[in-house]
file final27.txt (compact mmCIF, C-alpha atoms)
# COMPACT_ATOMS: atom_id res chain seq x y z
CA MET A 102 98.32 169.81 134.80
CA PRO A 103 96.98 170.79 131.36
CA ASP A 104 95.60 168.10 129.09
CA LEU A 105 97.86 167.21 126.19
CA PRO A 106 95.88 169.33 123.66
CA GLU A 107 96.59 172.38 125.84
CA LEU A 108 100.32 171.69 125.48
CA GLU A 109 100.18 171.60 121.68
CA SER A 110 101.28 175.21 121.27
CA THR A 111 104.20 174.58 123.63
CA LEU A 112 105.20 171.48 121.69
CA ASP A 113 104.93 173.44 118.43
CA SER A 114 107.26 176.10 119.89
CA VAL A 115 109.73 173.46 121.00
CA ARG A 116 109.66 171.76 117.58
CA ASP A 117 110.12 175.06 115.75
CA HIS A 118 113.02 176.05 118.00
CA TRP A 119 114.97 172.83 117.46
CA ASP A 120 114.21 172.70 113.74
CA LYS A 121 115.74 176.16 113.43
CA MET A 122 118.72 175.21 115.58
CA ALA A 123 119.30 172.10 113.48
CA THR A 124 119.56 174.13 110.26
CA ALA A 125 121.12 177.36 111.55
CA THR A 126 124.74 176.23 111.73
CA PRO A 127 126.98 173.46 110.38
CA ASP A 128 128.44 172.97 113.87
CA ASP A 129 126.73 170.09 115.69
CA CYS A 130 127.51 171.44 119.16
CA ALA A 131 125.87 174.74 118.26
CA LYS A 132 122.78 172.91 117.02
CA VAL A 133 122.10 171.67 120.56
CA ASP A 134 123.55 174.78 122.26
CA ALA A 135 126.12 172.83 124.27
CA SER A 136 129.86 172.33 124.26
CA LEU A 137 131.18 168.87 123.48
CA ARG A 138 132.85 168.64 126.89
CA ALA A 139 129.65 169.58 128.74
CA GLN A 140 127.67 167.05 126.74
CA ARG A 141 130.15 164.31 127.58
CA MET A 142 130.04 165.26 131.27
CA ARG A 143 126.25 164.98 131.26
CA PHE A 144 126.32 161.62 129.54
CA GLU A 145 129.09 160.24 131.73
CA ALA A 146 127.26 161.31 134.91
CA PHE A 147 124.64 158.75 133.88
CA VAL A 148 126.80 156.12 132.17
CA VAL A 149 129.33 155.77 134.98
CA HIS A 150 126.63 154.76 137.48
CA HIS A 151 124.85 152.18 135.30
CA ASP A 152 125.78 148.93 133.63
CA LEU A 153 124.34 149.57 130.18
CA GLU A 154 125.93 146.64 128.39
CA GLY A 155 123.16 144.75 126.58
CA LYS A 156 120.49 147.11 127.86
CA SER A 157 117.86 148.90 125.79
CA ILE A 158 117.95 152.70 125.84
CA LEU A 159 115.41 155.18 124.51
CA ASP A 160 116.99 158.63 124.08
CA VAL A 161 114.19 161.21 124.22
CA GLY A 162 115.13 164.46 122.50
CA CYS A 163 118.25 162.89 121.00
CA GLY A 164 119.30 166.09 119.24
CA VAL A 165 122.13 165.35 116.82
CA GLY A 166 122.87 161.90 118.27
CA ASP A 167 125.65 162.80 120.69
CA LEU A 168 124.62 160.19 123.27
CA TRP A 169 124.93 157.44 120.66
CA MET A 170 128.39 158.73 119.79
CA HIS A 171 129.36 158.70 123.48
CA LEU A 172 128.13 155.12 123.98
CA ARG A 173 129.97 154.00 120.86
CA ARG A 174 133.22 155.70 121.94
CA LYS A 175 133.04 153.87 125.27
CA GLY A 176 132.46 150.55 123.54
CA ILE A 177 129.07 149.97 125.16
CA GLN A 178 126.98 147.50 123.19
CA CYS A 179 123.33 148.32 123.75
CA ASP A 180 119.97 148.42 122.00
CA TYR A 181 119.64 152.15 121.28
CA LEU A 182 116.83 154.21 119.77
CA GLY A 183 116.97 157.99 119.52
CA VAL A 184 113.77 159.99 119.09
CA ASP A 185 113.22 163.71 118.69
CA ILE A 186 110.24 165.95 118.05
CA SER A 187 112.31 167.82 115.45
CA PRO A 188 112.45 166.21 111.99
CA GLU A 189 115.52 168.29 111.18
CA MET A 190 117.39 166.89 114.18
CA ILE A 191 116.53 163.35 113.13
CA ARG A 192 117.68 164.08 109.58
CA ARG A 193 121.05 165.19 110.97
CA CYS A 194 121.30 162.10 113.21
CA ARG A 195 120.77 159.83 110.23
CA GLU A 196 123.43 161.71 108.27
CA ARG A 197 125.96 161.34 111.07
CA PHE A 198 125.15 157.81 112.19
CA PRO A 199 123.44 155.77 109.45
CA GLU A 200 124.11 152.58 111.42
CA ALA A 201 121.91 153.66 114.36
CA ALA A 202 118.13 153.93 114.79
CA PHE A 203 116.54 157.38 114.95
CA GLU A 204 112.88 158.35 114.60
CA THR A 205 110.80 161.52 114.67
CA ARG A 206 108.49 161.02 117.63
CA ASN A 207 106.51 162.95 120.23
CA VAL A 208 106.97 160.71 123.25
CA LEU A 209 103.79 162.05 124.86
CA GLU A 210 101.66 160.68 122.02
CA TRP A 211 103.71 157.69 120.91
CA THR A 212 103.46 154.21 122.41
CA PRO A 213 106.54 152.12 121.56
CA GLU A 214 105.98 148.58 120.35
CA ARG A 215 108.65 147.35 122.75
CA SER A 216 109.89 148.19 126.21
CA PHE A 217 113.14 149.95 127.16
CA ASP A 218 115.26 149.40 130.24
CA TYR A 219 116.27 153.05 130.47
CA ILE A 220 114.60 156.12 129.04
CA VAL A 221 116.86 159.15 129.14
CA ALA A 222 116.54 162.84 128.29
CA PHE A 223 119.49 165.24 128.22
CA GLY A 224 118.84 168.96 128.02
CA ILE A 225 115.41 168.84 126.42
CA HIS A 226 113.92 171.26 128.97
CA ASN A 227 116.61 173.95 128.69
CA VAL A 228 114.66 176.48 126.58
CA ARG A 229 112.15 178.80 128.24
CA VAL A 230 108.64 178.15 126.83
CA ASP A 231 105.07 178.62 127.98
CA SER A 232 103.90 175.72 130.18
CA GLY A 233 107.48 174.51 130.41
CA ARG A 234 107.00 173.20 133.96
CA GLU A 235 103.95 171.19 132.92
CA LEU A 236 105.80 169.82 129.92
CA LEU A 237 108.74 168.73 132.08
CA GLU A 238 106.42 166.90 134.46
CA ARG A 239 104.45 165.25 131.68
CA VAL A 240 107.58 164.02 129.88
CA THR A 241 109.21 162.80 133.11
CA ARG A 242 106.10 160.84 134.07
CA ARG A 243 105.94 159.39 130.56
CA GLN A 244 109.59 158.36 130.70
CA PHE A 245 108.96 156.50 133.95
CA GLU A 246 105.76 154.95 132.66
CA LEU A 247 107.56 153.44 129.68
CA CYS A 248 110.82 152.29 131.34
CA THR A 249 111.48 148.93 133.00
CA GLU A 250 114.50 149.96 135.10
CA GLY A 251 114.92 153.72 135.22
CA ALA A 252 114.17 157.14 133.78
CA HIS A 253 116.91 159.77 133.69
CA THR A 254 116.77 163.48 132.94
CA SER A 255 119.50 166.13 132.88
CA ILE A 256 118.48 169.79 133.22
CA LEU A 257 119.98 173.18 134.08
CA THR A 258 120.24 174.41 137.66
CA ASP A 259 119.17 177.79 139.00
CA ARG A 260 122.29 177.76 141.22
CA TYR A 261 124.15 178.97 138.13
CA LEU A 262 123.44 182.64 137.38
CA GLY A 263 125.05 183.11 133.97
CA PHE A 264 122.27 181.93 131.67
CA ALA A 265 120.86 184.00 128.80
CA PRO A 266 117.21 185.12 129.21
CA GLN A 267 115.84 182.48 126.82
CA ILE A 268 117.41 179.65 128.83
CA GLN A 269 115.32 177.83 131.46
CA PRO A 270 117.04 176.79 134.71
CA TRP A 271 115.26 174.71 137.37
CA ARG A 272 115.29 174.51 141.15
CA ALA A 273 116.63 171.12 142.18
CA GLU A 274 114.41 170.88 145.26
CA GLU A 275 111.26 171.40 143.18
CA ILE A 276 112.20 168.80 140.58
CA LEU A 277 113.21 166.34 143.31
CA THR A 278 109.75 166.74 144.85
CA LEU A 279 108.22 166.00 141.45
CA ALA A 280 110.35 162.87 141.09
CA LEU A 281 109.49 161.63 144.58
CA ASP A 282 105.82 161.98 143.71
CA ILE A 283 106.43 159.43 140.95
CA THR A 284 108.65 156.93 142.78
CA PRO A 285 110.42 156.76 146.16
CA PHE A 286 113.58 155.49 144.46
CA VAL A 287 115.30 158.65 143.19
CA VAL A 288 118.91 159.78 142.87
CA LEU A 289 119.73 163.47 142.36
CA ARG A 290 123.23 164.38 141.22
CA HIS A 291 124.46 167.96 141.34
CA ASP A 292 128.17 167.13 141.26
CA TYR A 293 129.35 166.98 137.66
CA LEU A 294 128.85 170.48 136.18
CA PRO A 295 128.29 173.91 137.80
CA ASN A 296 125.25 174.63 135.64
CA ASP A 297 123.53 171.25 135.42
CA PHE A 298 121.98 168.53 137.56
CA SER A 299 120.26 165.22 136.93
CA LEU A 300 117.67 162.93 138.42
CA THR A 301 117.31 159.21 137.91
CA LEU A 302 113.99 157.58 138.84
CA TYR A 303 114.18 153.85 139.48
CA ARG A 304 111.58 151.11 139.42
CA LYS A 305 113.27 149.27 142.32
CA PRO A 306 115.61 150.20 145.16
CA LEU A 307 118.99 150.78 143.53
CA ILE A 308 120.85 148.83 146.20
CA ASP A 309 118.94 145.65 145.26
CA THR A 310 120.30 145.79 141.73
CA ARG A 311 123.99 145.81 142.67
CA PRO A 312 125.80 142.45 142.59
CA GLY A 313 127.99 141.17 145.39
CA LEU A 314 126.42 143.05 148.26
CA LEU A 315 125.89 139.97 150.45
CA LEU A 316 122.40 141.14 151.37
CA ASP A 317 121.31 137.58 152.07
CA GLU A 318 124.30 136.70 154.24
CA PRO A 319 123.60 136.02 157.95
call {"tool": "encode", "arguments": {"input": "final27.txt", "output": "structure tokens"}}
result
Amino acid sequence: MPDLPELESTLDSVRDHWDKMATATPDDCAKVDASLRAQRMRFEAFVVHHDLEGKSILDVGCGVGDLWMHLRRKGIQCDYLGVDISPEMIRRCRERFPEAAFETRNVLEWTPERSFDYIVAFGIHNVRVDSGRELLERVTRRQFELCTEGAHTSILTDRYLGFAPQIQPWRAEEILTLALDITPFVVLRHDYLPNDFSLTLYRKPLIDTRPGLLLDEP
């Protein structure tokens, strides 16, 4: 895997792309190149499987703050921080949601002053760039390194064949192998959208975290 300095040009390309997207249109869905329904499906595929009440969440590549909006609409009270490499995206987040916390950060170079239960990333690897595979691995490993309970990422699947040339789909088997190299406790979900899948990497066996399972019963 390239050292971080070798990824600088890739990170610059990613930043430039999302800065342009953030200022190209007044429509917030267009800024992140996703429909509102698809975004909500991605978010709910994570939210429905996790008790996030009172948890801390770091949203990597928060875009225009749609995850915060989704959590708020569902009435989930959590400690949320959204970060993005694009200053223009963060500017838009602060316009939309002045009550929430958003910061311009490169998660590969930034060390938070506090820990987060879950570190999530939705759609941040969907644009085709040089060294995109290396960037995905580096960010996923960083997410897991910084989380206390789990790291979650949602990306596009190569099972869907209708993407434009600039869009980057991924092979689920390859990304699952990457995740299993980080932790044995991985859940892959390919059941919520035809063009998307997600992986959640856990610190502990998921079954141990569920209440009422009677694991200690004779």
call {"tool": "residues_around", "arguments": {"input": "final27.txt", "residues": "segment 288-295 of chain A", "least_positions_apart": "6", "cutoff": "7 Å", "atoms": "all atoms listed in the file", "output": "list in words"}}
result
Met142, Ala146, Tyr261, Thr301 and Leu302 of chain A
call {"tool": "residues_around", "arguments": {"input": "final27.txt", "residues": "Asp113 of chain A", "least_positions_apart": "5", "cutoff": "10 Å", "atoms": "all atoms listed in the file", "output": "ChimeraX atom specification"}}
result
/A:108,118,186-187
call {"tool": "atom_distance", "arguments": {"input": "final27.txt", "atom1": "atom CA of Glu200 of chain A", "atom2": "atom CA of Ala125 of chain A"}}
result
25.0 Å
call {"tool": "closest_residue", "arguments": {"input": "final27.txt", "among": "A:Glu274, A:Asp185, A:Asp282, A:Asp128", "to": "Arg116 of chain A", "atoms": "all atoms listed in the file"}}
result
A:Asp185
call {"tool": "residues_near_point", "arguments": {"input": "final27.txt", "point": "(124.4, 175.5, 137.3)", "cutoff": "8 Å", "atoms": "all atoms listed in the file", "output": "MDAnalysis selection string"}}
result
chainID A and resid 257:262 270 294:298
call {"tool": "residues_around", "arguments": {"input": "final27.txt", "residues": "Val148 of chain A", "least_positions_apart": "3", "cutoff": "10 Å", "atoms": "all atoms listed in the file", "output": "ChimeraX atom specification"}}
result
/A:141-145,151-153,171-172,175,177
call {"tool": "atom_distance", "arguments": {"input": "final27.txt", "atom1": "atom CA of Gly263 of chain A", "atom2": "atom CA of Val287 of chain A"}}
result
27.9 Å
call {"tool": "closest_residue", "arguments": {"input": "final27.txt", "among": "A:Gln269, A:Val221, A:Thr124, A:Val208", "to": "Leu168 of chain A", "atoms": "only C-alpha atoms"}}
result
A:Val221
call {"tool": "closest_residue", "arguments": {"input": "final27.txt", "among": "A:Leu112, A:Val161, A:Met170, A:Leu279", "to": "Leu137 of chain A", "atoms": "all atoms listed in the file"}}
result
A:Met170
call {"tool": "closest_residue", "arguments": {"input": "final27.txt", "among": "A:Ala139, A:Ala131, A:Ile256, A:Ala202", "to": "Val228 of chain A", "atoms": "all atoms listed in the file"}}
result
A:Ile256
call {"tool": "atom_distance", "arguments": {"input": "final27.txt", "atom1": "atom CA of Gly155 of chain A", "atom2": "atom CA of Asp180 of chain A"}}
result
6.7 Å
call {"tool": "closest_residue", "arguments": {"input": "final27.txt", "among": "A:Leu247, A:Ala123, A:Ser232, A:Glu154", "to": "Arg215 of chain A", "atoms": "only C-alpha atoms"}}
result
A:Leu247
call {"tool": "closest_residue", "arguments": {"input": "final27.txt", "among": "A:Phe147, A:Phe286, A:Phe217, A:Phe264", "to": "Ile308 of chain A", "atoms": "all atoms listed in the file"}}
result
A:Phe286
call {"tool": "residues_around", "arguments": {"input": "final27.txt", "residues": "Arg234 of chain A", "least_positions_apart": "5", "cutoff": "10 Å", "atoms": "all atoms listed in the file", "output": "compact mmCIF listing (two decimals) with C-alpha atoms, in the frame of the given file"}}
result
# COMPACT_ATOMS: atom_id res chain seq x y z
CA MET A 102 98.32 169.81 134.80
CA HIS A 226 113.92 171.26 128.97
CA ARG A 229 112.15 178.80 128.24
CA ARG A 239 104.45 165.25 131.68
CA GLN A 269 115.32 177.83 131.46
CA TRP A 271 115.26 174.71 137.37
CA ILE A 276 112.20 168.80 140.58
call {"tool": "residues_around", "arguments": {"input": "final27.txt", "residues": "Tyr181 of chain A", "least_positions_apart": "3", "cutoff": "9 Å", "atoms": "only C-alpha atoms", "output": "number ranges by chain"}}
result
A: 156-160, 169, 178, 201-203
